[in-house]
Structures are given as C-alpha cells and as structure tokens.
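S.K.: Contents of input32.cif (mmCIF, C-alpha atoms and all ligand atoms) are below:
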data_query
#
loop_
_atom_site.label_atom_id
_atom_site.label_comp_id
_atom_site.auth_asym_id
_atom_site.auth_seq_id
_atom_site.Cartn_x
_atom_site.Cartn_y
_atom_site.Cartn_z
CA MET I 103 88.97 86.94 99.09
CA LEU I 104 91.90 87.66 101.37
CA GLU I 105 94.18 84.67 101.54
CA GLN I 106 96.82 84.00 104.15
CA ARG I 107 99.66 84.52 101.64
CA ASP I 108 98.34 88.04 100.92
CA ILE I 109 98.64 89.15 104.50
CA SER I 110 101.54 87.20 105.92
CA PHE I 111 103.99 90.01 105.08
CA ILE I 112 101.83 92.92 106.32
CA ILE I 113 102.91 92.86 109.94
CA PRO I 114 101.98 96.32 111.20
CA THR I 115 104.36 98.14 113.48
CA LYS I 116 102.04 100.80 114.84
CA VAL I 117 98.52 100.47 116.19
CA GLY I 118 97.33 103.33 113.93
CA VAL I 119 98.51 101.44 110.87
CA THR I 120 96.58 98.34 111.93
CA LYS I 121 93.51 100.44 112.50
CA ARG I 122 93.58 102.17 109.09
CA LYS I 123 94.28 98.91 107.26
CA ASN I 124 91.44 97.22 109.14
CA TYR I 125 88.97 99.91 108.14
CA ARG I 126 89.97 99.67 104.48
CA LEU I 127 89.82 95.89 104.57
CA LYS I 128 86.56 95.94 106.44
CA SER I 129 84.80 97.93 103.78
CA ALA I 130 86.36 95.84 101.00
CA LEU I 131 85.32 92.62 102.70
CA ARG I 132 82.00 93.72 104.13
CA LYS I 133 79.44 90.97 103.74
CA LYS I 134 81.95 88.95 101.67
CA ASP I 135 84.12 87.16 104.14
CA MET I 136 84.26 88.60 107.63
CA ASN I 137 85.97 85.43 108.82
CA ASN I 138 89.02 86.32 106.79
CA LEU I 139 88.99 89.85 108.17
CA THR I 140 88.96 88.49 111.69
CA ASN I 141 91.77 86.07 110.90
CA TYR I 142 93.73 88.94 109.38
CA GLN I 143 93.17 91.14 112.42
CA ILE I 144 94.25 88.40 114.78
CA LYS I 145 97.21 87.14 112.76
CA THR I 146 98.70 90.58 112.27
CA GLN I 147 98.62 91.32 115.99
CA LEU I 148 99.74 87.95 117.33
CA ASN I 149 103.03 89.53 118.35
CA LYS I 150 101.08 91.17 121.20
CA VAL I 151 100.05 87.92 122.85
CA GLN I 152 102.00 85.34 124.77
CA THR I 153 100.47 81.96 124.20
CA PRO I 154 98.33 80.23 125.22
CA CYS I 155 95.74 82.98 124.90
CA TYR I 156 91.98 83.13 124.42
CA ILE I 157 90.81 85.96 122.17
CA CYS I 158 87.15 86.93 122.49
CA GLU I 159 85.79 89.12 119.71
CA GLU I 160 83.63 92.02 120.84
CA GLU I 161 81.77 92.26 117.52
CA LEU I 162 80.83 88.57 117.47
CA LEU I 163 79.66 88.60 121.09
CA GLU I 164 77.52 91.64 120.43
CA LYS I 165 76.05 89.93 117.36
CA ASN I 166 74.95 86.98 119.51
CA LEU I 167 73.49 89.31 122.11
CA GLN I 168 71.56 91.23 119.46
CA LEU I 169 69.99 87.97 118.24
CA LEU I 170 68.98 87.10 121.79
CA LYS I 171 67.57 90.58 122.36
CA GLN I 172 65.40 90.18 119.26
CA ILE I 173 64.01 86.97 120.76
CA GLU I 174 63.31 88.81 124.02
CA ASP I 175 61.63 91.72 122.29
CA GLN I 176 59.51 89.67 119.91
CA SER I 177 58.54 86.79 122.20
CA GLY I 178 58.31 88.49 125.59
CA ALA I 179 60.68 85.93 127.15
CA LYS I 180 63.33 87.10 129.60
CA ILE I 181 66.83 85.87 128.76
CA LEU I 182 69.63 85.46 131.30
CA LEU I 183 73.31 84.64 130.80
CA ALA I 184 74.26 81.31 132.42
CA LEU I 185 77.63 82.26 133.90
CA LYS I 186 78.72 78.63 134.16
CA GLY I 187 79.23 78.62 130.38
CA PHE I 188 80.55 82.11 129.74
CA ALA I 189 82.07 84.49 132.29
CA PHE I 190 84.52 86.58 130.29
CA SER I 191 84.86 89.64 132.53
CA PRO I 192 86.51 92.01 129.99
CA LEU I 193 83.35 91.95 127.86
CA LEU I 194 80.59 91.40 130.42
CA TYR I 195 79.59 95.06 130.22
CA LEU I 196 77.80 94.06 127.00
CA ILE I 197 75.50 91.59 128.75
CA SER I 198 73.64 94.26 130.71
CA LYS I 199 72.99 96.15 127.47
CA TYR I 200 71.02 93.26 125.96
CA LEU I 201 69.89 90.68 128.53
CA LYS I 202 67.74 90.77 131.66
CA GLY I 203 70.44 89.47 133.97
CA SER I 204 72.35 86.32 134.75
CA CYS I 205 72.03 82.98 136.46
CA ALA I 206 74.48 81.64 138.98
CA SER I 207 75.34 78.11 140.14
CA GLY I 208 76.04 79.11 143.72
CA LEU I 209 77.54 81.77 145.94
CA TYR I 210 80.64 82.69 143.96
CA GLU I 211 78.90 83.04 140.64
CA ALA I 212 76.17 85.08 142.38
CA ARG I 213 78.82 87.42 143.85
CA TYR I 214 80.48 87.68 140.46
CA ALA I 215 77.11 88.40 138.82
CA LYS I 216 76.55 91.25 141.29
CA GLU I 217 79.98 92.67 140.53
CA TYR I 218 79.91 92.48 136.73
CA ILE I 219 76.33 92.34 135.43
CA GLN I 220 73.28 94.47 136.02
CA GLY I 221 69.79 93.01 136.20
CA GLU I 222 68.27 90.00 137.86
CA ILE I 223 70.34 87.29 139.53
CA HIS I 224 68.88 83.77 139.60
CA THR I 225 70.70 81.17 141.67
CA PHE I 226 70.33 77.40 141.41
CA SER I 227 72.52 74.85 143.10
CA PRO I 228 72.07 71.07 143.36
CA ALA I 229 72.35 71.65 147.13
CA PHE I 230 72.81 74.93 149.02
CA LYS I 231 75.13 75.07 152.04
CA ASP I 232 74.05 76.39 155.46
CA ASP I 233 76.94 78.85 155.76
CA GLU I 234 76.35 80.35 152.31
CA PHE I 235 72.59 80.56 152.10
CA GLU I 236 72.11 83.92 153.82
CA GLU I 237 74.46 85.66 151.39
CA ILE I 238 72.85 83.88 148.45
CA CYS I 239 69.47 85.29 149.57
CA ASN I 240 70.95 88.78 149.79
CA LEU I 241 72.42 88.57 146.30
CA SER I 242 69.66 86.73 144.44
CA ASP I 243 66.29 87.71 143.02
CA HIS I 244 65.28 84.13 142.21
CA ILE I 245 66.38 81.04 144.12
CA VAL I 246 65.76 77.58 142.66
CA PHE I 247 65.77 74.49 144.91
CA ASN I 248 66.73 71.12 143.53
CA SER I 249 64.75 69.04 146.04
CA LEU I 250 61.84 69.28 148.45
CA ASN I 251 64.31 68.60 151.29
CA GLN I 252 66.21 71.75 150.43
CA PHE I 253 63.01 73.74 149.96
CA HIS I 254 61.71 72.76 153.42
CA LYS I 255 65.10 73.28 155.04
CA PHE I 256 65.71 76.79 153.72
CA ARG I 257 62.28 78.27 153.05
CA SER I 258 62.11 80.02 156.43
CA LYS I 259 65.38 81.84 155.62
CA ILE I 260 64.32 83.46 152.37
CA LEU I 261 63.90 87.23 152.13
CA PRO I 262 60.82 89.09 150.85
CA LYS I 263 62.75 89.98 147.67
CA ASN I 264 63.48 86.31 146.84
CA SER I 265 61.20 84.59 144.38
CA ILE I 266 61.39 80.83 144.96
CA ALA I 267 61.17 77.93 142.52
CA LEU I 268 61.62 74.18 142.35
CA ARG I 269 63.71 72.51 139.70
CA ILE I 270 61.64 69.90 137.94
CA ASN I 271 62.98 66.89 136.07
CA PRO I 272 60.72 66.63 132.99
CA GLU I 273 62.10 63.10 132.44
CA VAL I 274 62.33 63.62 128.70
CA SER I 275 65.55 64.52 127.07
CA THR I 276 67.09 64.01 123.68
CA VAL I 277 70.66 64.74 124.83
CA LYS I 278 72.87 61.99 123.41
CA VAL I 279 75.97 62.38 125.61
CA ASP I 280 75.33 60.96 129.09
CA ILE I 281 77.43 63.42 131.11
CA TYR I 282 75.49 66.29 129.54
CA ASN I 283 72.06 64.74 129.99
CA PRO I 284 70.31 66.25 133.05
CA CYS I 285 67.34 63.90 132.60
CA GLY I 286 69.22 60.63 132.25
CA LEU I 287 68.65 57.52 134.36
CA TYR I 288 68.90 58.26 138.12
CA SER I 289 69.64 61.94 137.46
CA ARG I 290 70.14 63.92 140.68
CA LEU I 291 69.02 67.12 138.96
CA GLY I 292 65.41 68.15 139.46
CA ILE I 293 62.37 66.62 141.10
CA THR I 294 60.53 63.89 139.20
CA LYS I 295 56.75 63.73 138.97
CA LYS I 296 56.69 60.79 141.38
CA GLU I 297 58.66 62.72 144.01
CA LEU I 298 56.83 66.04 143.70
CA LYS I 299 54.49 65.96 146.69
CA LEU I 300 53.20 69.47 147.27
CA LYS I 301 50.59 70.89 149.61
CA ASP I 302 48.55 74.00 148.84
CA GLU I 303 50.39 76.01 151.51
CA ASP I 304 53.73 75.29 149.78
CA PHE I 305 52.58 77.68 147.09
CA ASP I 306 52.72 80.49 149.66
CA PHE I 307 56.45 80.19 148.99
CA ILE I 308 56.76 78.74 145.49
CA ASP I 309 56.47 81.17 142.56
CA GLY I 310 58.08 79.21 139.78
CA PHE I 311 59.12 75.94 138.19
CA HIS I 312 62.49 75.54 136.51
CA PHE I 313 63.82 72.81 134.25
CA HIS I 314 67.07 72.35 132.40
CA ALA I 315 66.97 69.45 129.97
CA LEU I 316 68.78 70.47 126.77
CA CYS I 317 72.36 70.65 125.52
CA GLU I 318 73.28 72.38 122.24
CA GLN I 319 69.77 71.74 120.92
CA ASN I 320 67.21 73.16 118.55
CA LEU I 321 63.52 73.99 118.89
CA ASP I 322 62.22 70.46 118.18
CA ASP I 323 63.98 69.19 121.29
CA LEU I 324 62.52 71.98 123.41
CA LYS I 325 59.06 71.16 122.08
CA LEU I 326 59.42 67.50 123.13
CA VAL I 327 60.51 68.46 126.65
CA LEU I 328 57.79 71.10 127.00
CA LYS I 329 55.10 68.64 125.98
CA SER I 330 55.97 66.30 128.82
CA PHE I 331 56.58 69.19 131.26
CA GLU I 332 53.14 70.62 130.56
CA GLN I 333 51.40 67.22 130.66
CA ASN I 334 52.97 66.22 133.96
CA PHE I 335 53.22 69.52 135.80
CA GLY I 336 50.72 71.82 134.04
CA GLN I 337 48.20 71.24 136.85
CA TYR I 338 50.33 73.55 139.04
CA PHE I 339 50.83 76.37 136.49
CA SER I 340 47.83 78.40 137.73
CA LYS I 341 49.55 78.74 141.14
CA LEU I 342 52.84 80.00 139.66
CA LYS I 343 54.21 83.34 138.47
CA TRP I 344 57.01 82.15 136.23
CA LEU I 345 58.59 79.24 134.39
CA ASN I 346 62.27 78.91 133.56
CA PHE I 347 63.09 76.71 130.54
CA GLY I 348 66.79 76.48 131.52
CA GLY I 349 69.67 76.47 129.05
CA GLY I 350 70.90 74.31 126.19
CA HIS I 351 68.99 76.32 123.56
CA HIS I 352 71.51 76.82 120.73
CA ILE I 353 69.73 80.00 119.72
CA THR I 354 72.63 81.81 118.06
CA ARG I 355 73.63 78.86 115.84
CA ASP I 356 72.86 79.56 112.17
CA ASP I 357 70.34 76.73 111.79
CA TYR I 358 68.42 77.41 115.04
CA ASP I 359 64.72 78.00 114.43
CA ARG I 360 64.56 81.43 116.08
CA GLN I 361 61.24 82.38 114.51
CA GLY I 362 59.78 79.11 115.79
CA LEU I 363 61.04 79.86 119.31
CA ILE I 364 59.40 83.29 119.22
CA GLN I 365 56.13 81.71 118.12
CA LEU I 366 56.32 78.98 120.77
CA ILE I 367 56.86 81.49 123.58
CA GLN I 368 54.14 83.80 122.28
CA ASP I 369 51.74 80.81 122.22
CA TYR I 370 52.74 79.84 125.74
CA LYS I 371 52.19 83.36 126.98
CA LYS I 372 48.79 83.47 125.30
CA LYS I 373 47.83 80.21 127.02
CA TYR I 374 49.30 81.23 130.40
CA PRO I 375 49.24 85.05 130.41
CA HIS I 376 50.08 85.22 134.13
CA LEU I 377 53.43 83.43 133.63
CA ASP I 378 56.78 85.05 132.86
CA ILE I 379 59.02 82.81 130.76
CA TYR I 380 62.77 82.75 131.35
CA LEU I 381 65.54 81.19 129.26
CA GLU I 382 69.08 80.91 130.61
CA PRO I 383 71.49 79.95 127.82
CA GLY I 384 75.25 79.96 128.40
CA GLU I 385 76.81 78.41 125.32
CA ALA I 386 74.59 80.36 122.90
CA ILE I 387 76.10 83.59 124.23
CA GLY I 388 79.74 82.59 123.81
CA TRP I 389 79.06 80.50 120.67
CA GLN I 390 81.68 81.21 117.98
CA THR I 391 82.87 84.40 119.62
CA GLY I 392 86.57 83.71 119.66
CA THR I 393 89.65 81.55 119.55
CA LEU I 394 92.45 79.96 121.53
CA VAL I 395 95.94 80.66 120.20
CA ALA I 396 98.76 78.26 120.98
CA THR I 397 102.38 77.80 119.87
CA ILE I 398 103.99 74.64 118.51
CA LEU I 399 106.78 73.74 120.95
CA ASP I 400 108.03 70.60 119.23
CA ILE I 401 107.21 68.18 116.45
CA VAL I 402 107.91 64.52 117.25
CA HIS I 403 107.54 61.48 115.04
CA ASN I 404 106.03 58.11 115.92
CA ASP I 405 104.80 56.78 112.56
CA ILE I 406 102.89 60.08 112.30
CA ASP I 407 103.96 63.68 112.92
CA ILE I 408 102.81 64.93 116.30
CA ALA I 409 102.97 68.63 117.19
CA ILE I 410 103.22 69.38 120.90
CA LEU I 411 101.55 72.69 121.74
CA ASP I 412 101.81 74.99 124.75
CA THR I 413 98.13 74.41 125.48
CA SER I 414 96.27 71.32 126.68
CA ALA I 415 93.05 69.57 125.72
CA GLU I 416 92.70 68.45 129.33
CA ALA I 417 93.35 71.82 130.98
CA HIS I 418 92.19 74.38 128.42
CA MET I 419 89.76 72.70 126.00
CA PRO I 420 88.06 70.08 128.19
CA ASP I 421 85.09 69.39 125.92
CA THR I 422 87.44 68.10 123.22
CA LEU I 423 87.84 65.13 125.58
CA ALA I 424 84.48 65.10 127.39
CA MET I 425 82.12 65.48 124.44
CA PRO I 426 84.40 64.55 122.57
CA TYR I 427 84.92 66.77 119.51
CA THR I 428 87.75 68.20 117.41
CA PRO I 429 87.95 71.99 117.17
CA GLU I 430 88.52 73.62 113.81
CA VAL I 431 91.79 75.50 113.17
CA VAL I 432 92.49 78.59 111.07
CA ASP I 433 94.33 77.66 107.81
CA GLY I 434 94.05 73.91 108.39
CA LYS I 435 91.51 71.13 108.09
CA ILE I 436 90.38 68.50 110.52
CA GLY I 437 91.44 65.08 109.16
CA HIS I 438 93.79 64.16 106.37
CA GLU I 439 92.51 66.02 103.32
CA LEU I 440 95.57 68.28 102.85
CA PRO I 441 99.14 67.02 102.22
CA TYR I 442 100.85 67.89 105.55
CA ARG I 443 99.31 65.92 108.40
CA TYR I 444 99.79 66.35 112.13
CA ARG I 445 98.29 65.16 115.37
CA PHE I 446 98.06 68.03 117.89
CA GLY I 447 98.85 67.10 121.48
CA GLY I 448 98.87 69.09 124.71
CA ASN I 449 101.86 69.81 126.93
CA SER I 450 100.78 67.59 129.84
CA CYS I 451 101.75 64.09 130.94
CA LEU I 452 98.31 62.70 130.11
CA ALA I 453 98.62 60.22 127.23
CA GLY I 454 95.16 61.18 126.04
CA ASP I 455 95.85 64.92 125.99
CA ILE I 456 95.18 64.95 122.25
CA ILE I 457 93.32 67.79 120.54
CA GLY I 458 92.89 66.07 117.18
CA ASP I 459 94.33 65.16 113.76
CA TYR I 460 94.73 67.96 111.22
CA SER I 461 96.18 68.63 107.79
CA PHE I 462 97.67 71.72 106.16
CA SER I 463 98.76 72.83 102.69
CA LYS I 464 102.26 73.75 103.95
CA PRO I 465 104.47 72.03 106.51
CA LEU I 466 104.21 73.38 110.07
CA SER I 467 107.24 74.50 111.99
CA ILE I 468 108.30 74.77 115.62
CA GLY I 469 107.43 78.25 116.97
CA GLN I 470 104.42 78.64 114.66
CA LYS I 471 101.14 79.78 116.17
CA ILE I 472 97.96 77.73 115.80
CA ILE I 473 94.52 79.31 116.17
CA PHE I 474 91.70 77.04 117.39
CA LYS I 475 88.22 78.29 116.56
CA ASP I 476 85.21 78.65 118.88
CA GLN I 477 87.05 78.26 122.18
CA ILE I 478 85.32 80.80 124.44
CA HIS I 479 82.36 78.96 126.01
CA TYR I 480 82.90 76.19 128.61
CA THR I 481 86.69 76.56 128.33
CA ILE I 482 87.94 79.52 130.41
CA VAL I 483 85.38 78.74 133.13
CA LYS I 484 86.72 75.17 133.33
CA ASN I 485 90.48 75.82 133.07
CA THR I 486 92.76 74.02 135.48
CA THR I 487 96.45 74.31 136.34
CA PHE I 488 96.98 70.56 135.78
CA ASN I 489 100.71 69.82 135.42
CA GLY I 490 101.37 73.47 136.25
CA ILE I 491 100.70 74.44 132.63
CA LYS I 492 100.28 78.19 132.30
CA LEU I 493 96.67 79.34 132.25
CA PRO I 494 95.84 81.02 128.93
CA SER I 495 95.71 84.82 128.98
CA LEU I 496 92.47 86.59 128.11
CA ALA I 497 92.50 89.04 125.21
CA VAL I 498 89.81 91.01 123.40
CA LEU I 499 89.64 91.75 119.70
CA LYS I 500 87.83 95.05 119.91
CA LYS I 501 85.30 96.30 117.38
CA ASP I 502 87.89 98.67 115.89
CA GLY I 503 90.15 95.70 115.12
CA ILE I 504 92.65 96.34 117.90
CA LEU I 505 93.73 93.36 119.97
CA GLU I 506 94.15 94.02 123.69
CA VAL I 507 95.41 91.58 126.28
CA ALA I 508 93.20 91.97 129.36
CA LYS I 509 94.53 89.36 131.79
CA THR I 510 97.66 87.27 132.08
CA PHE I 511 98.40 84.49 134.54
CA GLY I 512 101.58 83.05 135.98
CA TYR I 513 103.11 80.85 138.67
CA ASP I 514 100.95 82.42 141.43
CA GLU I 515 97.79 80.84 140.03
CA TYR I 516 99.40 77.40 140.30
CA LYS I 517 100.88 78.09 143.75
CA ASN I 518 97.66 79.48 145.22
CA ARG I 519 95.63 76.47 144.17
CA ASN I 520 97.97 73.74 145.35
C1 LIG I 601 70.63 74.89 135.32
C2 LIG I 601 71.34 75.28 134.06
N1 LIG I 601 70.95 76.40 133.41
C3 LIG I 601 71.58 76.80 132.29
C4 LIG I 601 72.64 76.10 131.76
C5 LIG I 601 73.30 76.61 130.52
O1 LIG I 601 73.25 75.68 129.49
P1 LIG I 601 73.89 75.99 128.07
O2 LIG I 601 75.22 76.60 128.30
O3 LIG I 601 74.00 74.66 127.41
O4 LIG I 601 72.96 76.91 127.36
C6 LIG I 601 73.06 74.93 132.40
C7 LIG I 601 74.19 74.15 131.88
O5 LIG I 601 74.62 73.17 132.39
C8 LIG I 601 72.41 74.51 133.60
O6 LIG I 601 72.80 73.42 134.27
#
Can you dump the structure from the file as structure tokens?
Ligand SMILES: Cc1ncc(COP(=O)(O)O)c(C=O)c1O
M.R.:
Amino acid sequence: MLEQRDISFIIPTKVGVTKRKNYRLKSALRKKDMNNLTNYQIKTQLNKVQTPCYICEEELLEKNLQLLKQIEDQSGAKILLALKGFAFSPLLYLISKYLKGSCASGLYEARYAKEYIQGEIHTFSPAFKDDEFEEICNLSDHIVFNSLNQFHKFRSKILPKNSIALRINPEVSTVKVDIYNPCGLYSRLGITKKELKLKDEDFDFIDGFHFHALCEQNLDDLKLVLKSFEQNFGQYFSKLKWLNFGGGHHITRDDYDRQGLIQLIQDYKKKYPHLDIYLEPGEAIGWQTGTLVATILDIVHNDIDIAILDTSAEAHMPDTLAMPYTPEVVDGKIGHELPYRYRFGGNSCLAGDIIGDYSFSKPLSIGQKIIFKDQIHYTIVKNTTFNGIKLPSLAVLKKDGILEVAKTFGYDEYKNRN
C-alpha cells in the first residue's frame, strides 16, 4: 500500500514524469487501493492549483455513469442527470455518452442543458414565469407542472413537441431531514390526492405523472413510495405515456440494491407496458467523484486548536451545515482518534462556519493543504460569494492522471453579483 510518507518527496517537475509514474503506480495498485493512487495523483500535482479548488475525477464520474447505463440497459428505464445536483461543465461531455438527457429546474438550467448535454431535456419548476415559459417550451421535451393552476394557465402555450406531466405528491416519504423532505407536512411540491381533480379532456394534454420523494435513499424507500403512488394514482396510469420517479435514488453508492431496482422496473414495465419509466438522479452521478482542496491560513487556540481555512462551510460546502454532516479528509480522521486534533473553520464572519473536528497523526501547519472528500455534488451548484470569499476553481483529474485547472474565479464574480 502506498502511504503518504512514500510519496511526499516525489514531487514531479514535468508532466511526462507524472504520467509515467502514474502508469507504473496504476498497474502496481490496480484493484488494490485506487484511493491511494488518486490521492497520490492529486497530492503530487497540488502545486498546479490555487486553493480553494474542486477537483472532479474523470475516471470516477465515468464509473458512476457506467453503473447507471447498466441500469438503463437491463431495466429499460431512462435515466436523466438532474442538473441541480451536478453541473460540472468540464466533464459534461460524458453525460451524453451514457444517459438519455438531463432535467432542469427552470429556464437557465434548460438553456445550460441545451448547451452542454445531448438528449432529452425535462423541465420542472415549482412555478413557471410568464416571461420565461415560451423559451422553456422551445428548449424542453418534457414539461412538468407543479399545480393544476399552472397546468390550466400554461397548457394553451405548449408546443406539439412538449410532453406534459403533473408533479404528484405521493404523501409518503422516509426522508428524515425536513428541508430535504418533498413530502413533509404542508409541502408545496406536487399535487396531493385530495387536490388532484382531473377531467377526461385534461388527458388530451397530460402524458405523464412525476414524483420526487427521496433523498440519498435505497430501494426499500422507493418501494414504499411507489406502493402509495400506485394505490392512490394508479387509476390514471392507463391514460398516461410515462412516469418519472424523480431523484434521490442513491444508485451508485456501494450498498444500493441495483439488481433490485432493475427487477422493480422490469416488473413495472411488465405490468404497464405502455409506460416509459424515467429516473432523474443528481447526487448519484456526482457521488464520490472528487474533492475540495483548501489551505490552512492560520491556527488559533481557544482551549482547542482551530485551523482557519481558505474555504467556507457556508459558501462552499453548504450541506455540512444544512444536513448537517462532516466530510472526510485525506490523511486525517473525523473526531479525536489520532493524537493531533483540530477544528476546521471557514474564512467567513459566520460563527457557525465550522466544517468539523478532525485528528491527524502529525501536527498540521499553516500553509498546508487539506483535501476534503466527496465534494462535487450539491456544492459547486450552490456556491455563494458570501463575505467576498473567492469561489473555488474547477479542476479535472483526467483519466491519464494529469490534473488540469479548467476554471478560475476572481473579484469579478463578487462584483457582478453585488
Ligand atoms: C424534482 C427533482 N428531481 C431530481 C432531483 C435530484 O435528486 P438527487 O440529487 O437527490 O438525486 C431533485 C432534487 O432535489 C428534485 O427536486
């Protein structure tokens, strides 16, 4: 196994050297510990990046997409990328290779989908705006309305190419965190059974039903939601052409029951052969595909050691506060297991801008880089310029092991938004 001490002195000076070393290491490590190879590749090229910087790994993204493609091929479902969770332009060319298209949350994501991704574009918004709807119709293949008000208001404006659906609230959800529960008490998302008053002629317009009820969940949770969805809304299925089971399926996570999902969709398609089934995961696509690198700017002491980083939980890693959770770091442990213990805080004025408590086998020093794991989904898409903190750059660790910085940001981003 390749340990940090083995590689800390091999800082390559030329790209070719990095490449050759990577190939040799890759074959030595194949199947043994690819995580260490990735850490090696990143650590030895950190001199190329100014922090903060997200690094998305091409190989890991492609691995996720291959898993999703297998589900598509074996189940017959159509899988879309939910751009709200993952919109990393330098690597979006891969999406069109594996998935059927993308889903957008409104006009700008639909425009972006058109620009970067081939295939179908499905657009859902809690409420469409008059001055945007015409362009949304031009861009979109599927349009999903969140209420009957919106359906009646806009249905005369749809184009022949638009396939129309209603978002349904199945009123069953096992999501534990309230802000991520689309089916919680008084949810504004989707039409409940009580509110769904449809006439036969409405089905001259309506082709599909859509629900989104999951968050980072496995097959059992989908089964629970589907049971209620079918019981309460199955009476309409014969009039429809497609169903969209939304996102929140953690399909690429190691313990996800992928075989079970294939079986479930096959069974559904046997029961309702006239229906296409769509899934629109976001997180599962960006899941464990890369890191956020930050630098320690200072270490202060207030009973405990607190490292202040040039990143921010609030601005760059928002789910660490919203969920909340503590991200793992390369070479360190969450909690106090190892002898050198630090709290990591962001570089903003917010007292609660705390990433978490960590421990290390060696003391940390000012100027040292810290690599946070799994920071690609629901981070970049949610970044803010709060406190004027620099937006993290976007870099790609390519399949050949070379790190390339694709986008950097500066003062203009702050100025233009304020
Ligand atoms: C309508 C809809 N579809 C898809 C998604 C993607 O969900 P996830 O990224 O959890 O897979 C979301 C997430 O909020 C959503 O609201």
S.K.: Just want the residues within 7 Å of ligand LIG 601 (chain I), written as a compact mmCIF listing (two decimals) with C-alpha atoms, in the coordinates of the input, counting all atoms listed in the file.
M.R.:
# COMPACT_ATOMS: atom_id res chain seq x y z
CA ALA I 184 74.26 81.31 132.42
CA LYS I 186 78.72 78.63 134.16
CA GLY I 187 79.23 78.62 130.38
CA PHE I 226 70.33 77.40 141.41
CA HIS I 314 67.07 72.35 132.40
CA LEU I 316 68.78 70.47 126.77
CA CYS I 317 72.36 70.65 125.52
CA GLU I 318 73.28 72.38 122.24
CA GLY I 348 66.79 76.48 131.52
CA GLY I 349 69.67 76.47 129.05
CA GLY I 350 70.90 74.31 126.19
CA HIS I 351 68.99 76.32 123.56
CA HIS I 352 71.51 76.82 120.73
CA GLU I 382 69.08 80.91 130.61
CA PRO I 383 71.49 79.95 127.82
CA GLY I 384 75.25 79.96 128.40
CA GLU I 385 76.81 78.41 125.32
CA ALA I 386 74.59 80.36 122.90
S.K.: Which residues come within 9 Å of Phe307 (chain I), counting all atoms listed in the file, excluding same-chain residues fewer than 4 positions away, as a PyMOL selection string?
M.R.: chain I and resi 257+265-267+303
S.K.: Can you measure CA of Asp433 (chain I) to CA of Leu139 (chain I) for me? One decimal in Å is fine.
M.R.: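 Those two atoms sit 13.3 Å apart.
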S.K.: With only C-alpha atoms as the basis for distance, which of I:Asp243, I:Glu161, I:Asp232, I:Glu237 is at the shortest distance from Cys205 (chain I)?
M.R.: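 Nearest candidate to Cys205 (chain I) out of I:Asp243, I:Glu161, I:Asp232, I:Glu237: I:Asp243.
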S.K.: Considering only C-alpha atoms, state which residue in the set I:Gln168, I:Thr140, I:Asn320, I:Asn248 is at the smallest distance from Glu297 (chain I).
M.R.: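 Of I:Gln168, I:Thr140, I:Asn320, I:Asn248, the one nearest Glu297 (chain I) is I:Asn248, counting only C-alpha atoms.
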S.K.: In Å, with one decimal, what is the gap from CA of Ile410 (chain I) to CA of Phe190 (chain I)?
M.R.: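 Spanning CA of Ile410 (chain I) to CA of Phe190 (chain I) is a straight-line distance of 27.1 Å.
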S.K.: Kindly complete region 475-494 of chain I to N, CA and C atoms; the output should be written as a CSV table (one decimal), keeping the file's coordinate frame.
M.R.:
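Generated output (out-v1.csv):
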chain,number,residue,atom,x,y,z
I,475,LYS,N,89.4,77.5,116.6
I,475,LYS,CA,88.2,78.3,116.6
I,475,LYS,C,87.2,77.9,117.7
I,476,ASP,N,86.4,78.9,118.0
I,476,ASP,CA,85.2,78.6,118.9
I,476,ASP,C,85.6,78.1,120.2
I,477,GLN,N,86.5,78.8,120.9
I,477,GLN,CA,87.0,78.3,122.2
I,477,GLN,C,86.7,79.2,123.4
I,478,ILE,N,85.6,79.9,123.3
I,478,ILE,CA,85.3,80.8,124.4
I,478,ILE,C,84.3,80.3,125.5
I,479,HIS,N,83.3,79.5,125.0
I,479,HIS,CA,82.4,79.0,126.0
I,479,HIS,C,82.8,77.6,126.6
I,480,TYR,N,82.5,77.4,127.9
I,480,TYR,CA,82.9,76.2,128.6
I,480,TYR,C,84.4,75.8,128.5
I,481,THR,N,85.3,76.8,128.3
I,481,THR,CA,86.7,76.6,128.3
I,481,THR,C,87.3,77.3,129.5
I,482,ILE,N,87.3,78.7,129.4
I,482,ILE,CA,87.9,79.5,130.4
I,482,ILE,C,87.4,79.2,131.8
I,483,VAL,N,86.0,79.0,131.9
I,483,VAL,CA,85.4,78.7,133.1
I,483,VAL,C,85.8,77.4,133.7
I,484,LYS,N,86.4,76.5,132.9
I,484,LYS,CA,86.7,75.2,133.3
I,484,LYS,C,88.2,75.0,133.4
I,485,ASN,N,89.0,76.0,133.1
I,485,ASN,CA,90.5,75.8,133.1
I,485,ASN,C,91.0,75.3,134.4
I,486,THR,N,92.1,74.5,134.3
I,486,THR,CA,92.8,74.0,135.5
I,486,THR,C,94.3,74.3,135.3
I,487,THR,N,95.0,74.2,136.4
I,487,THR,CA,96.4,74.3,136.3
I,487,THR,C,97.1,72.9,136.4
I,488,PHE,N,96.4,71.9,135.9
I,488,PHE,CA,97.0,70.6,135.8
I,488,PHE,C,98.4,70.6,135.2
I,489,ASN,N,99.3,69.9,135.8
I,489,ASN,CA,100.7,69.8,135.4
I,489,ASN,C,101.4,71.2,135.6
I,490,GLY,N,100.8,72.1,136.2
I,490,GLY,CA,101.4,73.5,136.2
I,490,GLY,C,101.4,74.2,134.9
I,491,ILE,N,100.7,73.8,133.9
I,491,ILE,CA,100.7,74.4,132.6
I,491,ILE,C,100.1,75.8,132.8
I,492,LYS,N,100.7,76.8,132.2
I,492,LYS,CA,100.3,78.2,132.3
I,492,LYS,C,98.8,78.3,131.9
I,493,LEU,N,98.1,79.1,132.7
I,493,LEU,CA,96.7,79.3,132.2
I,493,LEU,C,96.7,80.3,131.1
I,494,PRO,N,95.8,80.1,130.1
I,494,PRO,CA,95.8,81.0,128.9
I,494,PRO,C,95.4,82.4,129.4
